[in-house]
file data.cif (mmCIF, C-alpha atoms)
data_target
#
loop_
_atom_site.label_atom_id
_atom_site.label_comp_id
_atom_site.auth_asym_id
_atom_site.auth_seq_id
_atom_site.Cartn_x
_atom_site.Cartn_y
_atom_site.Cartn_z
CA MET A 1 -17.16 -5.84 7.99
CA ASP A 2 -20.63 -4.49 7.25
CA LYS A 3 -20.31 -5.01 3.48
CA LYS A 4 -21.24 -8.11 1.51
CA THR A 5 -18.43 -10.40 0.36
CA ILE A 6 -18.21 -13.16 -2.25
CA ARG A 7 -19.36 -15.59 0.44
CA ASP A 8 -22.73 -13.80 0.58
CA VAL A 9 -23.64 -14.18 -3.12
CA GLU A 10 -24.01 -16.96 -5.68
CA VAL A 11 -21.17 -16.94 -8.18
CA ALA A 12 -21.52 -20.28 -9.96
CA GLY A 13 -21.94 -19.88 -13.71
CA LYS A 14 -21.76 -16.09 -13.47
CA LYS A 15 -19.44 -13.74 -15.32
CA VAL A 16 -17.61 -12.10 -12.41
CA ILE A 17 -15.56 -8.96 -12.97
CA MET A 18 -12.90 -8.88 -10.27
CA ARG A 19 -10.99 -5.63 -9.74
CA THR A 20 -7.51 -6.44 -8.51
CA ASP A 21 -4.44 -4.37 -7.70
CA PHE A 22 -1.63 -5.87 -9.79
CA ASN A 23 0.32 -2.62 -9.76
CA GLU A 24 3.63 -4.33 -9.06
CA PRO A 25 7.01 -2.55 -9.30
CA LEU A 26 8.69 -2.80 -12.71
CA ASP A 27 12.26 -2.80 -13.94
CA GLU A 28 11.75 -0.11 -16.56
CA ARG A 29 14.81 -1.25 -18.51
CA THR A 30 13.45 -4.74 -19.11
CA GLY A 31 9.73 -4.38 -18.35
CA HIS A 32 9.96 -7.33 -15.95
CA LEU A 33 8.08 -7.39 -12.64
CA THR A 34 10.42 -7.09 -9.66
CA ASP A 35 7.86 -8.29 -7.12
CA ASP A 36 4.60 -10.26 -7.03
CA ILE A 37 3.25 -9.53 -3.53
CA ARG A 38 -0.01 -8.05 -4.83
CA ILE A 39 -0.53 -10.85 -7.34
CA ARG A 40 -0.07 -13.49 -4.64
CA ALA A 41 -2.37 -11.59 -2.28
CA ALA A 42 -5.24 -11.86 -4.80
CA ILE A 43 -4.89 -15.65 -5.30
CA PRO A 44 -7.29 -16.74 -2.49
CA THR A 45 -10.18 -14.75 -3.98
CA ILE A 46 -9.45 -15.93 -7.52
CA GLU A 47 -9.25 -19.55 -6.34
CA TYR A 48 -12.53 -19.18 -4.45
CA LEU A 49 -14.25 -18.02 -7.64
CA VAL A 50 -12.64 -20.75 -9.75
CA ASN A 51 -13.56 -23.46 -7.25
CA HIS A 52 -17.14 -22.18 -7.19
CA LYS A 53 -17.36 -22.37 -11.01
CA ALA A 54 -17.47 -18.65 -11.77
CA LYS A 55 -16.31 -17.21 -15.07
CA VAL A 56 -13.51 -14.97 -13.77
CA ILE A 57 -12.71 -11.70 -15.55
CA LEU A 58 -9.77 -9.96 -13.86
CA CYS A 59 -8.98 -6.29 -14.37
CA SER A 60 -6.24 -4.05 -12.99
CA HIS A 61 -3.98 -1.12 -13.69
CA LEU A 62 -0.19 -1.11 -13.84
CA GLY A 63 2.00 1.98 -13.68
CA ARG A 64 1.01 5.38 -15.01
CA PRO A 65 0.47 5.18 -18.77
CA LYS A 66 -1.71 8.32 -18.55
CA GLY A 67 -4.53 7.09 -20.75
CA LYS A 68 -2.29 5.82 -23.55
CA ARG A 69 -1.33 2.32 -24.63
CA GLU A 70 2.31 1.74 -23.62
CA LEU A 71 3.95 -1.65 -24.05
CA LEU A 72 5.99 -1.19 -20.85
CA TYR A 73 2.78 -1.21 -18.81
CA SER A 74 1.12 -4.19 -20.48
CA LEU A 75 -0.21 -6.83 -18.08
CA GLN A 76 1.37 -9.66 -20.11
CA GLY A 77 3.92 -10.36 -17.36
CA VAL A 78 1.14 -10.39 -14.76
CA ALA A 79 -0.86 -12.92 -16.82
CA LYS A 80 2.22 -15.15 -17.03
CA ARG A 81 2.81 -15.02 -13.27
CA LEU A 82 -0.88 -15.64 -12.55
CA SER A 83 -0.83 -18.70 -14.79
CA GLU A 84 2.09 -20.07 -12.78
CA LEU A 85 0.50 -19.41 -9.40
CA LEU A 86 -2.95 -20.70 -10.34
CA ARG A 87 -1.58 -23.63 -12.36
CA GLN A 88 -3.97 -22.85 -15.18
CA GLU A 89 -3.84 -20.61 -18.21
CA VAL A 90 -4.72 -16.97 -17.65
CA ARG A 91 -5.10 -15.40 -21.07
CA LEU A 92 -4.47 -11.68 -21.51
CA VAL A 93 -7.21 -9.93 -23.48
CA PRO A 94 -5.73 -7.12 -25.65
CA ASP A 95 -8.27 -4.55 -24.36
CA CYS A 96 -10.52 -4.06 -21.35
CA ILE A 97 -13.67 -2.77 -23.08
CA GLY A 98 -15.26 -2.92 -26.51
CA ALA A 99 -15.70 -5.66 -29.10
CA VAL A 100 -12.38 -7.42 -28.40
CA ALA A 101 -13.10 -7.74 -24.68
CA GLU A 102 -16.75 -8.71 -25.24
CA GLU A 103 -15.78 -11.47 -27.69
CA ALA A 104 -13.20 -12.86 -25.24
CA VAL A 105 -15.73 -12.89 -22.41
CA SER A 106 -18.32 -14.66 -24.56
CA ARG A 107 -15.97 -17.65 -24.93
CA ILE A 108 -14.97 -18.28 -21.30
CA GLN A 109 -16.30 -21.32 -19.47
CA ASP A 110 -17.06 -21.93 -15.80
CA GLY A 111 -13.78 -21.94 -13.84
CA ASP A 112 -11.84 -20.10 -16.55
CA VAL A 113 -9.78 -17.00 -15.76
CA ILE A 114 -8.94 -14.19 -18.17
CA LEU A 115 -7.17 -10.89 -17.56
CA LEU A 116 -8.19 -7.68 -19.29
CA GLU A 117 -5.44 -5.37 -20.49
CA ASN A 118 -4.40 -2.35 -18.37
CA LEU A 119 -7.42 -0.25 -17.40
CA ARG A 120 -5.33 2.91 -17.45
CA PHE A 121 -4.68 2.58 -21.17
CA HIS A 122 -8.04 4.39 -21.29
CA PRO A 123 -8.25 7.95 -19.85
CA GLY A 124 -11.81 7.22 -18.69
CA GLU A 125 -10.55 4.95 -15.91
CA GLU A 126 -8.84 7.58 -13.78
CA GLN A 127 -11.36 10.24 -14.83
CA GLY A 128 -14.18 8.12 -13.41
CA ASP A 129 -15.92 8.37 -16.79
CA PRO A 130 -19.47 6.91 -16.53
CA ALA A 131 -19.35 5.68 -20.14
CA PHE A 132 -16.13 3.76 -19.49
CA ALA A 133 -17.59 2.27 -16.30
CA GLU A 134 -20.73 1.19 -18.18
CA ALA A 135 -18.68 -0.38 -20.99
CA LEU A 136 -16.67 -2.34 -18.41
CA ALA A 137 -19.81 -3.42 -16.55
CA ARG A 138 -21.31 -4.85 -19.77
CA LEU A 139 -18.75 -7.64 -19.57
CA GLY A 140 -20.10 -9.13 -16.33
CA GLU A 141 -23.01 -10.01 -14.08
CA LEU A 142 -21.32 -9.46 -10.71
CA TYR A 143 -18.54 -7.16 -9.53
CA VAL A 144 -15.96 -8.15 -6.91
CA ASP A 145 -13.59 -5.52 -5.55
CA ASP A 146 -10.40 -7.04 -4.16
CA ALA A 147 -8.18 -4.02 -4.88
CA PHE A 148 -7.66 -2.50 -1.46
CA GLY A 149 -4.60 -0.63 -2.75
CA THR A 150 -6.86 1.52 -4.96
CA ALA A 151 -9.94 1.59 -2.73
CA HIS A 152 -9.20 5.23 -1.92
CA ARG A 153 -9.62 6.21 -5.58
CA ALA A 154 -13.02 7.07 -7.09
CA HIS A 155 -12.04 5.58 -10.46
CA ALA A 156 -14.42 4.04 -12.99
CA SER A 157 -13.45 0.44 -12.18
CA ILE A 158 -13.69 1.09 -8.43
CA VAL A 159 -16.82 3.19 -7.97
CA GLY A 160 -18.47 3.68 -11.37
CA ILE A 161 -18.91 0.00 -12.18
CA ALA A 162 -20.69 -0.58 -8.86
CA LYS A 163 -23.57 1.57 -10.13
CA HIS A 164 -24.30 -1.04 -12.82
CA LEU A 165 -23.58 -4.40 -11.14
CA PRO A 166 -24.12 -5.96 -7.71
CA ALA A 167 -20.83 -5.14 -5.95
CA VAL A 168 -19.24 -7.20 -3.17
CA SER A 169 -15.86 -7.49 -1.48
CA GLY A 170 -13.19 -10.05 -2.24
CA LEU A 171 -11.35 -11.92 0.49
CA LEU A 172 -8.28 -9.67 0.43
CA LEU A 173 -10.21 -6.41 0.72
CA GLU A 174 -12.22 -7.94 3.56
CA LYS A 175 -9.03 -9.02 5.35
CA GLU A 176 -7.47 -5.57 4.95
CA VAL A 177 -10.52 -3.79 6.36
CA MET A 178 -10.90 -6.23 9.25
CA THR A 179 -7.20 -6.16 10.18
CA LEU A 180 -6.77 -2.40 9.98
CA GLY A 181 -10.14 -1.90 11.64
CA GLY A 182 -8.93 -4.02 14.54
CA VAL A 183 -5.99 -1.65 15.01
CA LEU A 184 -8.42 1.25 15.29
CA GLN A 185 -11.00 -0.42 17.47
CA ASN A 186 -9.17 -2.71 19.85
CA PRO A 187 -5.35 -2.59 19.75
CA VAL A 188 -3.41 -4.52 22.38
CA HIS A 189 -1.32 -2.08 24.44
CA PRO A 190 1.30 -0.78 24.47
CA PHE A 191 0.60 0.32 20.87
CA GLY A 192 3.46 1.81 18.85
CA LEU A 193 3.04 3.83 15.65
CA LEU A 194 6.26 3.89 13.60
CA LEU A 195 6.22 6.47 10.81
CA GLY A 196 8.75 7.39 8.15
CA GLY A 197 8.72 8.66 4.61
CA ALA A 198 9.18 12.18 3.40
CA LYS A 199 6.05 14.17 4.25
CA VAL A 200 4.32 15.07 7.50
CA ASN A 201 1.25 16.10 5.50
CA ASP A 202 0.56 12.52 4.45
CA LYS A 203 0.41 11.35 8.05
CA VAL A 204 -1.37 14.20 9.92
CA ALA A 205 -4.89 12.78 9.72
CA LEU A 206 -3.62 9.33 10.70
CA ILE A 207 -1.74 10.65 13.75
CA GLU A 208 -4.73 12.70 14.87
CA ASN A 209 -7.16 9.81 14.46
CA VAL A 210 -5.11 7.32 16.47
CA MET A 211 -3.73 9.77 19.05
CA SER A 212 -6.14 8.54 21.71
CA LYS A 213 -5.27 4.90 21.00
CA VAL A 214 -1.45 4.83 20.77
CA ASP A 215 1.15 4.86 23.50
CA HIS A 216 4.23 5.65 21.40
CA ILE A 217 4.75 7.56 18.14
CA ILE A 218 8.16 6.89 16.64
CA ILE A 219 9.31 9.25 13.88
CA GLY A 220 12.00 8.55 11.30
CA GLY A 221 12.46 9.23 7.59
CA GLY A 222 12.42 12.61 5.94
CA MET A 223 9.48 13.73 8.05
CA ALA A 224 11.73 13.62 11.14
CA ALA A 225 13.37 16.84 9.91
CA SER A 226 10.13 18.78 10.46
CA PHE A 227 9.81 17.45 14.01
CA LEU A 228 13.47 18.17 14.80
CA LYS A 229 13.07 21.69 13.43
CA ALA A 230 9.98 22.11 15.63
CA LYS A 231 12.24 21.19 18.56
CA ASN A 232 14.67 23.96 17.46
CA TYR A 233 17.36 21.65 16.10
CA GLU A 234 19.56 22.72 13.21
CA ILE A 235 18.61 20.50 10.25
CA GLY A 236 20.97 21.98 7.64
CA ARG A 237 19.69 21.70 4.07
CA SER A 238 17.30 18.87 4.86
CA LEU A 239 14.11 19.00 2.84
CA LEU A 240 11.04 20.22 4.70
CA ASP A 241 7.50 19.85 3.44
CA GLY A 242 6.64 23.26 4.85
CA ASN A 243 4.93 21.92 7.96
CA VAL A 244 7.10 22.69 10.95
CA GLU A 245 4.03 24.32 12.47
CA VAL A 246 2.06 21.12 11.95
CA ALA A 247 4.82 19.10 13.60
CA SER A 248 4.74 21.49 16.58
CA TYR A 249 0.97 21.11 16.81
CA LEU A 250 1.25 17.30 16.79
CA ILE A 251 3.95 17.37 19.48
CA GLN A 252 1.73 19.52 21.70
CA LYS A 253 -1.30 17.31 21.07
CA ALA A 254 0.70 14.18 21.92
CA ASP A 255 1.76 15.80 25.20
CA LYS A 256 -1.88 16.49 26.09
CA HIS A 257 -2.79 12.85 25.41
CA GLY A 258 0.17 11.49 27.35
CA VAL A 259 1.63 9.98 24.15
CA LYS A 260 5.40 9.83 23.90
CA ILE A 261 6.90 11.01 20.60
CA HIS A 262 10.32 9.49 19.90
CA LEU A 263 12.63 11.40 17.55
CA PRO A 264 16.09 10.50 16.20
CA ALA A 265 19.10 10.94 18.47
CA ASP A 266 21.57 10.70 15.59
CA VAL A 267 21.27 10.88 11.82
CA VAL A 268 23.16 10.11 8.64
CA VAL A 269 23.95 13.29 6.73
CA THR A 270 25.34 13.93 3.26
CA ASP A 271 26.01 16.72 0.78
CA GLU A 272 23.50 15.45 -1.79
CA ILE A 273 21.03 12.59 -1.96
CA LYS A 274 22.98 10.65 -4.57
CA HIS A 275 24.54 7.20 -4.90
CA SER A 276 28.00 8.75 -5.03
CA SER A 277 27.59 10.98 -1.98
CA PRO A 278 29.60 10.07 1.16
CA ALA A 279 27.68 9.52 4.38
CA GLU A 280 28.50 10.76 7.89
CA ILE A 281 26.81 9.94 11.21
CA VAL A 282 26.27 12.88 13.58
CA PRO A 283 24.21 13.57 16.74
CA VAL A 284 21.08 15.59 16.03
CA GLY A 285 22.55 18.44 18.04
CA THR A 286 25.49 18.83 15.64
CA ILE A 287 23.96 18.60 12.17
CA PRO A 288 26.16 20.73 9.86
CA PRO A 289 24.28 23.61 8.21
CA ASP A 290 25.52 22.55 4.76
CA LYS A 291 24.39 18.90 5.03
CA ARG A 292 21.15 17.01 4.50
CA ILE A 293 19.58 14.26 6.61
CA ALA A 294 19.39 11.04 4.57
CA ASP A 295 18.78 8.39 7.25
CA ILE A 296 18.53 7.84 10.98
CA GLY A 297 21.68 6.69 12.78
CA PRO A 298 22.61 3.49 14.67
CA LEU A 299 22.02 5.02 18.13
CA THR A 300 18.51 5.95 17.03
CA VAL A 301 17.89 2.43 15.72
CA SER A 302 18.99 1.08 19.11
CA GLN A 303 16.69 3.48 20.97
CA PHE A 304 13.77 2.71 18.65
CA ARG A 305 14.39 -1.01 19.26
CA LYS A 306 13.94 -0.53 23.01
CA VAL A 307 10.61 1.22 22.46
CA LEU A 308 9.35 -1.31 19.92
CA GLU A 309 10.24 -4.26 22.16
CA LYS A 310 7.85 -2.89 24.79
CA CYS A 311 4.95 -2.80 22.33
CA LYS A 312 2.28 -5.45 21.83
CA THR A 313 0.89 -3.80 18.68
CA VAL A 314 3.04 -2.05 16.04
CA PHE A 315 1.94 -0.31 12.84
CA TRP A 316 4.77 0.74 10.49
CA ASN A 317 4.46 2.95 7.44
CA GLY A 318 7.34 4.70 5.70
CA PRO A 319 11.10 4.01 5.38
CA MET A 320 13.55 5.40 7.91
CA GLY A 321 15.82 6.88 5.23
CA VAL A 322 16.35 7.10 1.48
CA HIS A 323 16.32 3.32 1.27
CA GLU A 324 16.75 3.17 -2.51
CA ILE A 325 20.38 4.29 -2.05
CA PRO A 326 22.53 1.66 -0.30
CA GLN A 327 24.42 3.97 2.10
CA PHE A 328 21.10 5.44 3.30
CA SER A 329 19.18 2.16 3.61
CA GLU A 330 20.74 0.51 6.66
CA SER A 331 18.29 1.78 9.26
CA THR A 332 15.21 0.83 7.24
CA PHE A 333 16.50 -2.72 6.83
CA ALA A 334 17.52 -2.87 10.50
CA VAL A 335 14.09 -1.71 11.68
CA ALA A 336 12.40 -4.27 9.42
CA GLY A 337 14.45 -6.99 11.11
CA ILE A 338 13.59 -5.66 14.57
CA ILE A 339 9.85 -5.65 13.85
CA ALA A 340 10.03 -9.14 12.34
CA GLY A 341 11.43 -10.41 15.65
CA LEU A 342 8.86 -8.81 17.96
CA HIS A 343 6.41 -10.83 20.04
CA ALA A 344 3.59 -8.53 19.03
CA THR A 345 0.91 -7.90 16.41
CA THR A 346 2.92 -6.28 13.62
CA ILE A 347 1.19 -4.56 10.69
CA ILE A 348 3.08 -3.17 7.70
CA GLY A 349 1.24 -0.31 6.05
CA GLY A 350 1.81 -1.11 2.40
CA GLY A 351 3.63 0.93 -0.25
CA SER A 352 7.42 1.12 -0.14
CA THR A 353 7.42 -0.30 3.40
CA ALA A 354 5.81 -3.49 2.17
CA GLU A 355 8.29 -3.65 -0.71
CA VAL A 356 11.19 -3.45 1.77
CA VAL A 357 9.76 -6.21 3.93
CA THR A 358 9.16 -8.36 0.85
CA SER A 359 12.65 -7.79 -0.53
CA LEU A 360 14.09 -8.99 2.79
CA LYS A 361 11.76 -12.02 2.76
CA LEU A 362 10.29 -11.04 6.12
CA ASN A 363 6.60 -11.21 5.13
CA GLU A 364 5.95 -14.41 7.03
CA HIS A 365 7.42 -12.90 10.19
CA MET A 366 4.87 -10.06 10.19
CA SER A 367 1.28 -10.43 11.37
CA PHE A 368 -0.03 -8.63 8.30
CA VAL A 369 1.48 -6.85 5.31
CA SER A 370 -1.04 -4.48 3.72
CA THR A 371 -1.19 -4.14 -0.06
CA GLY A 372 -2.32 -0.52 0.16
CA GLY A 373 -0.01 2.32 1.13
CA GLY A 374 -2.23 5.35 0.56
CA ALA A 375 -5.38 3.33 1.18
CA SER A 376 -4.18 2.04 4.55
CA LEU A 377 -3.21 5.56 5.64
CA GLU A 378 -6.59 6.97 4.64
CA PHE A 379 -8.44 4.09 6.29
CA LEU A 380 -6.55 4.55 9.56
CA SER A 381 -7.20 8.28 9.27
CA GLY A 382 -10.87 7.50 9.74
CA GLN A 383 -11.92 8.19 6.17
CA MET A 384 -14.48 6.07 4.36
CA LEU A 385 -12.77 4.68 1.27
CA PRO A 386 -14.83 5.18 -1.94
CA GLY A 387 -14.16 1.62 -3.04
CA VAL A 388 -15.55 0.23 0.22
CA ALA A 389 -18.51 2.64 0.35
CA ALA A 390 -19.60 1.52 -3.14
CA LEU A 391 -20.14 -2.11 -2.06
CA LEU A 392 -23.47 -3.61 -1.06
CA ASP A 393 -24.33 -3.49 2.64
CA ARG A 394 -24.98 -6.74 4.45
#
call {"tool": "encode", "arguments": {"input": "data.cif", "output": "structure tokens"}}
result
Amino acid sequence: MDKKTIRDVEVAGKKVIMRTDFNEPLDERTGHLTDDIRIRAAIPTIEYLVNHKAKVILCSHLGRPKGKRELLYSLQGVAKRLSELLRQEVRLVPDCIGAVAEEAVSRIQDGDVILLENLRFHPGEEQGDPAFAEALARLGELYVDDAFGTAHRAHASIVGIAKHLPAVSGLLLEKEVMTLGGVLQNPVHPFGLLLGGAKVNDKVALIENVMSKVDHIIIGGGMAASFLKAKNYEIGRSLLDGNVEVASYLIQKADKHGVKIHLPADVVVTDEIKHSSPAEIVPVGTIPPDKRIADIGPLTVSQFRKVLEKCKTVFWNGPMGVHEIPQFSESTFAVAGIIAGLHATTIIGGGSTAEVVTSLKLNEHMSFVSTGGGASLEFLSGQMLPGVAALLDR
């Protein structure tokens, strides 16, 4: 990576503001965290700073409080989990800027860790407000960005703060950029791109950017409906994102590059995408006009397995069906198990895909699980992420 990291600067005795991505999923009934993958991913950078006697000031967002203070989105649970993982107290500061935050920072000692309250309790964070960025920067002497999951956002704590403090990468952000960059620059072939999720739009730039590097593009999830429609299949009342033409264009482009696109052979259909809706497996050539596609079928999973087992590099982003509903989750879980058993470099592209892999306890069986869904897609699309661009060059 051509950006400076914490290894390139002196941190001892300095007040270091570290931007993390602790945006873990919440049980909105209880307010409890249901996962800690992002918290655990940040531990190596935090421990590096602690071991090198920095004064560590963590900041993050959680959820979408829309610029208002909401108890549900407090980082109290994150502070508790951090304290357990680090085996030292991580105190939550009731605010992230202003007199309360400044007083808390003035009292920390070398090797201490504190966590500022949710950045998004202030509207200036997402607005990229220069005044908010300056107020945040006043708390520290050095800025470390380890929040790859938000590196594609030009928010105050991502880009604005870097205008006031020397800005370097943390170990996680460095690892994300190096790993995903390796996929772009030098993948081991055959290289398979497995894509799911609902929208073709979200994946167009990615597919175009890697078209000359992949050997197989495997399509599942809701976006498969657009590709099936482009192949003149009946898709019933399946939701389209309005891009059948885009799907046709991508199919034609893949043909020109000699890239094989693999589409479902059978699908799970239903009347409505609901927990109570019955599921039926049908070949793609006999999808009823009054049904909706909710998942790929077992024959498709078997065919996808054969393709994936040929690959030496696999990148997966997006579930194969509506995985939040049990009767439409089987293929996503099956594919996760298949990828975990491959003798290949396997990279999980963050977001809901990472949450599935984590819930199945398959993380250790993957080569790399990214913490950034949207960020990983934008990075692999060839875009310069604002959060990376803002860092000091080597």
call {"tool": "closest_residue", "arguments": {"input": "data.cif", "among": "A:Met178, A:Ala162, A:Ala354, A:Met320", "to": "Ala198 (chain A)", "atoms": "all atoms listed in the file"}}
result
A:Met320
call {"tool": "closest_residue", "arguments": {"input": "data.cif", "among": "A:Gly350, A:Pro94, A:Gly222, A:Pro264", "to": "Gly372 (chain A)", "atoms": "all atoms listed in the file"}}
result
A:Gly350
call {"tool": "resolve_selection", "arguments": {"input": "data.cif", "expression": "the PyMOL selection byres ((chain A and resi 23-30) around 8)", "output": "ChimeraX atom specification"}}
result
/A:21-22,31-39,60-63,72
call {"tool": "atom_distance", "arguments": {"input": "data.cif", "atom1": "CA of Gly13 (chain A)", "atom2": "CA of Ala54 (chain A)"}}
result
5.0 Å
call {"tool": "atom_distance", "arguments": {"input": "data.cif", "atom1": "CA of His365 (chain A)", "atom2": "CA of Met1 (chain A)"}}
result
25.7 Å
call {"tool": "decode", "arguments": {"input": "data.cif", "residues": "region 138-223 of chain A", "atoms": "C-alpha atoms", "output": "short mmCIF file (atom, residue, chain, number, x, y, z; two decimals), in the first residue's frame"}}
result
data_model
loop_
_atom_site.label_atom_id
_atom_site.label_comp_id
_atom_site.auth_asym_id
_atom_site.auth_seq_id
_atom_site.Cartn_x
_atom_site.Cartn_y
_atom_site.Cartn_z
CA ARG A 138 -8.90 19.08 18.59
CA LEU A 139 -8.97 15.95 20.74
CA GLY A 140 -5.84 14.40 19.22
CA GLU A 141 -2.38 14.78 17.74
CA LEU A 142 -2.51 11.92 15.22
CA TYR A 143 -5.34 10.32 13.25
CA VAL A 144 -5.50 6.60 12.44
CA ASP A 145 -8.16 5.33 10.05
CA ASP A 146 -8.93 1.65 10.59
CA ALA A 147 -12.55 1.84 9.41
CA PHE A 148 -12.44 0.20 6.00
CA GLY A 149 -16.20 -0.37 6.14
CA THR A 150 -16.78 3.39 5.92
CA ALA A 151 -13.76 4.30 3.78
CA HIS A 152 -16.10 4.92 0.84
CA ARG A 153 -17.86 7.73 2.74
CA ALA A 154 -16.60 11.33 2.71
CA HIS A 155 -17.77 11.91 6.29
CA ALA A 156 -16.22 14.32 8.77
CA SER A 157 -14.45 11.62 10.79
CA ILE A 158 -13.15 9.93 7.62
CA VAL A 159 -12.01 12.78 5.37
CA GLY A 160 -12.52 16.08 7.22
CA ILE A 161 -10.37 15.22 10.23
CA ALA A 162 -7.44 14.32 7.96
CA LYS A 163 -7.21 18.00 6.96
CA HIS A 164 -6.24 18.88 10.55
CA LEU A 165 -4.09 15.96 11.74
CA PRO A 166 -1.41 13.70 10.25
CA ALA A 167 -3.48 10.77 8.95
CA VAL A 168 -2.26 7.18 8.60
CA SER A 169 -3.77 3.74 8.12
CA GLY A 170 -4.43 1.19 10.82
CA LEU A 171 -3.51 -2.46 10.42
CA LEU A 172 -7.01 -3.58 9.42
CA LEU A 173 -7.46 -0.98 6.69
CA GLU A 174 -4.00 -1.85 5.38
CA LYS A 175 -4.88 -5.56 5.33
CA GLU A 176 -8.17 -4.91 3.52
CA VAL A 177 -6.51 -2.81 0.83
CA MET A 178 -3.64 -5.25 0.35
CA THR A 179 -5.89 -8.33 0.21
CA LEU A 180 -8.49 -6.87 -2.13
CA GLY A 181 -5.75 -5.24 -4.19
CA GLY A 182 -4.18 -8.66 -4.64
CA VAL A 183 -7.44 -9.93 -6.12
CA LEU A 184 -7.34 -7.13 -8.68
CA GLN A 185 -3.66 -7.30 -9.51
CA ASN A 186 -2.64 -10.93 -9.37
CA PRO A 187 -5.42 -13.48 -8.78
CA VAL A 188 -4.58 -17.17 -9.06
CA HIS A 189 -6.65 -18.73 -11.86
CA PRO A 190 -9.24 -20.00 -12.35
CA PHE A 191 -10.85 -16.99 -10.63
CA GLY A 192 -14.54 -17.18 -9.74
CA LEU A 193 -16.73 -14.19 -8.88
CA LEU A 194 -19.85 -15.25 -6.95
CA LEU A 195 -22.46 -12.50 -6.71
CA GLY A 196 -25.85 -12.35 -5.03
CA GLY A 197 -28.01 -9.77 -3.35
CA ALA A 198 -30.89 -7.86 -4.80
CA LYS A 199 -29.54 -5.29 -7.26
CA VAL A 200 -27.54 -5.53 -10.47
CA ASN A 201 -26.81 -1.80 -10.22
CA ASP A 202 -24.64 -2.29 -7.14
CA LYS A 203 -22.39 -4.75 -8.95
CA VAL A 204 -22.08 -3.32 -12.50
CA ALA A 205 -18.85 -1.37 -11.95
CA LEU A 206 -17.31 -4.33 -10.11
CA ILE A 207 -18.17 -6.79 -12.90
CA GLU A 208 -16.83 -4.44 -15.56
CA ASN A 209 -13.60 -3.78 -13.69
CA VAL A 210 -12.75 -7.44 -13.12
CA MET A 211 -14.12 -8.79 -16.42
CA SER A 212 -10.63 -9.17 -17.87
CA LYS A 213 -9.38 -10.96 -14.76
CA VAL A 214 -12.11 -13.52 -13.94
CA ASP A 215 -12.84 -16.88 -15.51
CA HIS A 216 -16.31 -17.48 -14.06
CA ILE A 217 -19.12 -15.16 -12.94
CA ILE A 218 -21.71 -16.98 -10.87
CA ILE A 219 -25.02 -15.18 -10.32
CA GLY A 220 -27.54 -15.90 -7.56
CA GLY A 221 -29.76 -13.82 -5.29
CA GLY A 222 -32.39 -11.37 -6.40
CA MET A 223 -30.14 -10.03 -9.14
#
